[in-house]
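The block underneath contains the structure these notes are about, expressed in structure tokens.
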Amino acid sequence: MSSSWTNHRLAGPGLLLCLLASSALMAPRPALAADAPASPQQPATVGELVVTAQKRAERLIDVPISITVNTAVDIKNKNIGDLTDLGEKMPNVNGSGNFIGTFNIRGISTASAGSGFPPDVGVNVDEVFMGRDRAFDTLLADVSSVELLRGPQGTLYGKNTIAGVINITTERPTDEYEAIGDVRYGNYDYFQARGTISGPIIPDKLLIRITGSYQSRAGYIDDPTLNEKLNNLNDYGGRVMVVAHPADNLTVELRADAYKEADRGGVFGVASTLDGATCAGLAPLGCNVAFFSQTPVPNVNSRIVYENTPSFTDRSMWGTSAKVEYVSDGYAFTSITSWRSLVSDDDSDNDGSSLDGFNTGQAETMRRFSQELRVTSPAQNRLSWIVGGYYDNESDYEFQHIRVGDAFPTFLFGPPFPAQLPTGFQEAAAADALIRSDSWAGFVSAKFDITNKLKLTGGIRYTDEHKGLNYVQEPTSPVEIGVIFAFAEFIPPTTSSIDNRAVTGDATLSYDFTPDAVAYARFAHGFKAGGFESDIISPPYNVAVNGLSFKPEFLNDYEVGFKSSFFNHTLSANLAAFYYGFSNKQEEIDTGVSFVVSNAASATSEGGEVELDWLPPMIPGLNLFANGGYVNAYYNSFPNGGGPGINYTGHELAGASRYSSSWGGVYTTPIAMWPGRNLYIATDWDYRSRQFTDPANTVLQEITPSTMINARIGVEDQQGKWGVYLWGENLANETVLGAGLDSIGGIYLQRSINIGRTFGVELRAHL
């Protein structure tokens with residue numbers, strides 16, 4: 001356990017909540033509850049989860065892939081609000097989100113640089129690919145399960161899934177009428193409301209489910225310069241699903257969703273880490289110690305920053321899809337058609353000070369159409385298979401901009417400066433990028449039972465992807481500050497295109513020692529197409545020499561694992577070990593004045609995960625869980641990773657914590673004085689060891705180890721009709737500085753910062 005949280009004091013509601021949760025989970029269960037009915041919130045067994053990772057319903061134990069599953073009950077018990085919250089609960093996964101959802105899975109980061117560099121993980125909602133990382137992080141409302149598939153999933157999922165796949169499955173319409181809702185309120189004026197209605201329009205023929213959500217919170221970062229609170233929340237969305245059964249063997253599912261977010265506070269939630277002492281160490285780079293010693297010093301522990309430019313984040317997205325499935329003699333013919341749209345805009349004060357130095361932003365508009373067709377054979381056959389084809393068309397327009405104010409030389413070199421800019425000076429540069437892509441793929445995956453115990457699974461996929469770029473960077477007048485400094489090169493209208501074709505696939509051998517104990521060995525070959533530079537391009541990057549495109553990346557994954565369930569399904573244990581070998585790994589490099597994407601020569605990631613779930617038979621109503629992960633991810637060879645002569649060979653991959661773990665439990669017990677009611681207690685502790693945030697392994701931007709403590713305690717109806725809970729997150733009030741921005745070659749460093757201790761009350765109802 002990390003000691004980084006032990007010096008913080010629990011106070012007020014946080015102390016009470018944490019002590020109650022921890023002590024109750026350790027306490028023996030009263031004897032009077034032995035014959036009481038089980039709570040609907042508490043699983044009766046473990047190890048019997050059903051997943052759809054292979055695009056058919058199977059027991060988790062029978063799927064030879066490293067998978068972590070969180071059900072609707074897990075999402076409630078662990079206080080999970082959005083998808084990136086979930087990332088901190090799973091081994092060898094780091095998740096962070098503030099407008100842009102990013103994940104690191106086994107050392108592979110999904111962070112992207114503009115529309116030309118898409119993420120390495122595929123997020124699917126009801127089998128529809130979301131595409132951009134700006135569409136990942138939304139409120140998890142009315143969700144049935146979230147499955148994380150680690151490793152390349154190119155055979156069945158294809159495009160941009162070299163790191164893995166996250167499958168979100170929403171609840172389906174019901175044959176009976178029901179209404180579900182919950183309301184949460186907490187400190188920082190936090191408010192959340194979610195509601196669902198479901199039922200038949202025409203019994204057994206036409207069903208509908210409608211879900212809506214709203215979330216708001218005051219900002220948790222003080223900005224005395226603007227006299228505002230930054231990093232607030234203000235988002236809402238909805239979803240409707242209609243399921244029709246025109247015939248017994250024909251199902252039609254129509255879905256539509258929309259989500260809107262308008263927050264104040266910038267992409268990074270910036271908290272600068274530069275003060276006079278830090279600046280002194282950077283003096284050789286031009287940092288003016290006298291100036292920064294007089295500048296107000298941001299207080300990260302009190303979450304105070306000084307920014308003069310109002311920052312904002314806006315995004316809206318919507319989508320529709322149609323799934324048609326026809327079943328005949330056990331064969332399923334499936335068609336999934338989808339349309340997705342994303343519009344986003346943001347602006348951030350990148351100098352992070354009260355001076356009018358410079359700020360940047362990005363606007364993006366994405367349109368996507370996809371079509372999947374597949375045929376699935378009966379699962380009970382000795383040879384079972386899936387054959388299909390996939391088409392994806394995407395148009396992504398991106399507008400990157402940077403604005404320079406009159407204080408830029410002062411910000412860099414301190415006053416007085418010989419070539420001081422006139423008061424009110426402003427200079428703007430902009431890059432326009434339009435990227436169109438077409439991707440075609442055909443795939444086949446099969447499973448053959450060599451014997452009753454020994455099984456061979458394998459698949460292959462052929463992908464043909466074409467991308468085209470139209471790019472222009474508007475001219476900008478150079479700023480003369482003793483030397484000529486241009487923020488952005490003049491790049492006339494430029495076109496470029498790339499064609500990538502690749503064969504990916506996997507092969508797995510599994511052995512069933514018993515129906516509840518399965519071992520496997522797996523090989524998978526992954527591929528991600530090349531892309532384009534689409535950010536603001538500043539010197540010293542030379543477009544004429546380096547071009548605007550980068551190459552595809554490839555990954556070979558070797559994995560062994562063991563999945564098991566013991567003692568009448570009261571204990572499950574899943575283990576996996578892996579070795580990744582990368583070639584041409586794509587990496588985003590911060591040059592200090594712009595972001596560029598480069599191909600690392602080679603990299604390695606190796607490690608493993610273990611996940612345990614236990615229902616102690618001697619304490620009915622108690623469910624304990626624990627998981628842990630180890631990953632060692634590094635560059636084998638990256639000789640010019642930071643530019644000519646700057647060697648990143650041996651550096652750790654960005655975003656990878658070597659050690660990760662989560663543990664906790666849920667305890668429900670009937671209340672003797674209140675028949676039909678349960679006392680409910682849950683807690684989870686999440687640990688991540690230190691990690692670097694960039695390939696340069698910049699020490700000033702290292703994320704230190706942290707342990708987050710969360711808990712819930714409440715009273716609920718034994719039939720699940722209602723519940724009242726107190727909840728708390730980050731109860732130790734841990735302060736964590738996350739990924740940030742290295743402004744102007746390390747002279748000014750900015751960091752994201754997490755929210756402190758939060759707590760509140762929640763009401764749930766199910767009618």
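Identifiers for the structure tokens are assigned positionally: chains receive A, B, ... in sequence, residues are indexed from 1 per chain, and ligands are indexed from 1 in the order shown.
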
Using only C-alpha atoms, determine which residues lie at most 6 Å from A:Leu342, disregarding the query and same-chain residues fewer than 4 positions distant; provide the list as a ChimeraX atom specification.
-> /A:316-317,365-366

Any chance you could export the current selection's N, CA and C atoms as a compact mmCIF listing (two decimals), in the first residue's frame?
```txt
# COMPACT_ATOMS: atom_id res chain seq x y z
N SER A 316 -21.00 18.11 -28.16
CA SER A 316 -22.32 17.52 -28.36
C SER A 316 -22.17 16.37 -29.33
N MET A 317 -22.86 15.30 -29.06
CA MET A 317 -22.80 14.15 -29.94
C MET A 317 -24.14 13.44 -29.98
N THR A 365 -15.24 18.53 -35.79
CA THR A 365 -16.54 18.03 -36.25
C THR A 365 -16.31 16.70 -36.94
N MET A 366 -16.95 15.66 -36.43
CA MET A 366 -16.77 14.32 -36.98
C MET A 366 -18.11 13.75 -37.41
```

Can you pull out every residue within 6 Å of A:Val375, counting only C-alpha atoms, but drop anything in the same chain fewer than 5 positions away, and send it as a list of chain:residue names?
->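 The residues satisfying every condition are A:Ala332, A:Phe333, A:Ile386, A:Val387.
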
How many Å lie between atom CA of A:Ser583 and atom CA of A:Asp694, rounded to one decimal?
->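 Distance reported for this atom pair: 18.7 Å.
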
Write out as a list in words the residues lying within 7 Å of A:Lys453, counting only C-alpha atoms and excluding same-chain residues fewer than 4 positions away.
->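 Result of the neighbour search: Tyr511, Asp512 and Phe513 of chain A.
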
Written file, previous selection with C-alpha atoms, as a PDB file, in the first residue's frame:
```pdb
ATOM      1  CA  TYR A 511      -7.767 -26.740 -22.071  1.00  0.00           C
ATOM      2  CA  ASP A 512     -10.690 -27.413 -19.711  1.00  0.00           C
ATOM      3  CA  PHE A 513      -9.368 -29.171 -16.622  1.00  0.00           C
TER       4      PHE A 513
END
```

Could you pull out all residues of stretch 145-351 of chain A with a DSSP call of strand (DSSP E) and give them as JSON, numbers by chain?
-> {"A": [145, 146, 147, 148, 149, 150, 164, 165, 166, 167, 168, 169, 170, 178, 179, 180, 181, 182, 183, 184, 185, 186, 190, 191, 192, 193, 194, 195, 196, 197, 198, 199, 200, 201, 202, 206, 207, 208, 209, 210, 211, 212, 213, 214, 215, 216, 217, 221, 222, 223, 228, 229, 230, 233, 234, 235, 236, 237, 238, 239, 240, 241, 242, 243, 244, 245, 246, 247, 250, 251, 252, 253, 254, 255, 256, 257, 258, 259, 260, 261, 262, 263, 264, 271, 272, 312, 313, 314, 315, 316, 317, 318, 319, 320, 321, 322, 323, 324, 325, 326, 327, 328, 331, 332, 333, 334, 335, 336, 337, 338, 339, 340, 341, 342, 343, 344, 345, 346, 347, 348, 349]}

Using only C-alpha atoms: which of A:Gly728, A:Gly531, A:Gly164, A:Pro152 has the shortest distance to A:Asn556 =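 Closest to A:Asn556, using only C-alpha atoms: A:Pro152.
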
Close residues, A:Thr169 itself excluded, 9 Å, only C-alpha atoms, min 2 positions apart in chain, as a JSON list (two decimals) with N, CA and C atoms, in the first residue's frame:
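Contents of selection.json, as written:
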```
[["chain", "number", "residue", "atom", "x", "y", "z"],
["A", 124, "ASN", "N", -17.08, 0.63, -27.72],
["A", 124, "ASN", "CA", -18.32, 0.30, -28.41],
["A", 124, "ASN", "C", -19.48, 0.40, -27.44],
["A", 125, "VAL", "N", -20.57, 1.00, -27.88],
["A", 125, "VAL", "CA", -21.80, 1.04, -27.10],
["A", 125, "VAL", "C", -22.86, 0.28, -27.88],
["A", 126, "ASP", "N", -23.32, -0.82, -27.31],
["A", 126, "ASP", "CA", -24.28, -1.69, -28.00],
["A", 126, "ASP", "C", -23.79, -2.04, -29.39],
["A", 127, "GLU", "N", -22.50, -2.42, -29.47],
["A", 127, "GLU", "CA", -21.84, -2.90, -30.70],
["A", 127, "GLU", "C", -21.59, -1.82, -31.73],
["A", 143, "VAL", "N", -26.78, 1.19, -17.60],
["A", 143, "VAL", "CA", -25.82, 0.30, -18.26],
["A", 143, "VAL", "C", -25.90, -1.08, -17.63],
["A", 144, "SER", "N", -25.96, -2.11, -18.47],
["A", 144, "SER", "CA", -26.03, -3.48, -18.00],
["A", 144, "SER", "C", -24.66, -4.01, -17.61],
["A", 145, "SER", "N", -23.63, -3.75, -18.45],
["A", 145, "SER", "CA", -22.29, -4.22, -18.15],
["A", 145, "SER", "C", -21.27, -3.46, -18.97],
["A", 146, "VAL", "N", -20.03, -3.47, -18.48],
["A", 146, "VAL", "CA", -18.89, -2.93, -19.21],
["A", 146, "VAL", "C", -17.82, -4.01, -19.23],
["A", 147, "GLU", "N", -17.44, -4.44, -20.43],
["A", 147, "GLU", "CA", -16.41, -5.46, -20.60],
["A", 147, "GLU", "C", -15.13, -4.82, -21.14],
["A", 167, "ASN", "N", -16.41, -2.72, -24.25],
["A", 167, "ASN", "CA", -17.78, -2.93, -24.70],
["A", 167, "ASN", "C", -18.75, -2.48, -23.62],
["A", 171, "GLU", "N", -29.02, -1.53, -20.84],
["A", 171, "GLU", "CA", -30.16, -2.37, -20.51],
["A", 171, "GLU", "C", -31.16, -2.39, -21.67],
["A", 172, "ARG", "N", -31.81, -3.53, -21.85],
["A", 172, "ARG", "CA", -32.78, -3.69, -22.94],
["A", 172, "ARG", "C", -34.19, -3.43, -22.45]]
```

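Proximity of A:Arg712, A:Arg209, A:Arg757, A:Arg522 to A:Asn730, computed with only C-alpha atoms, is greatest for A:Arg757.
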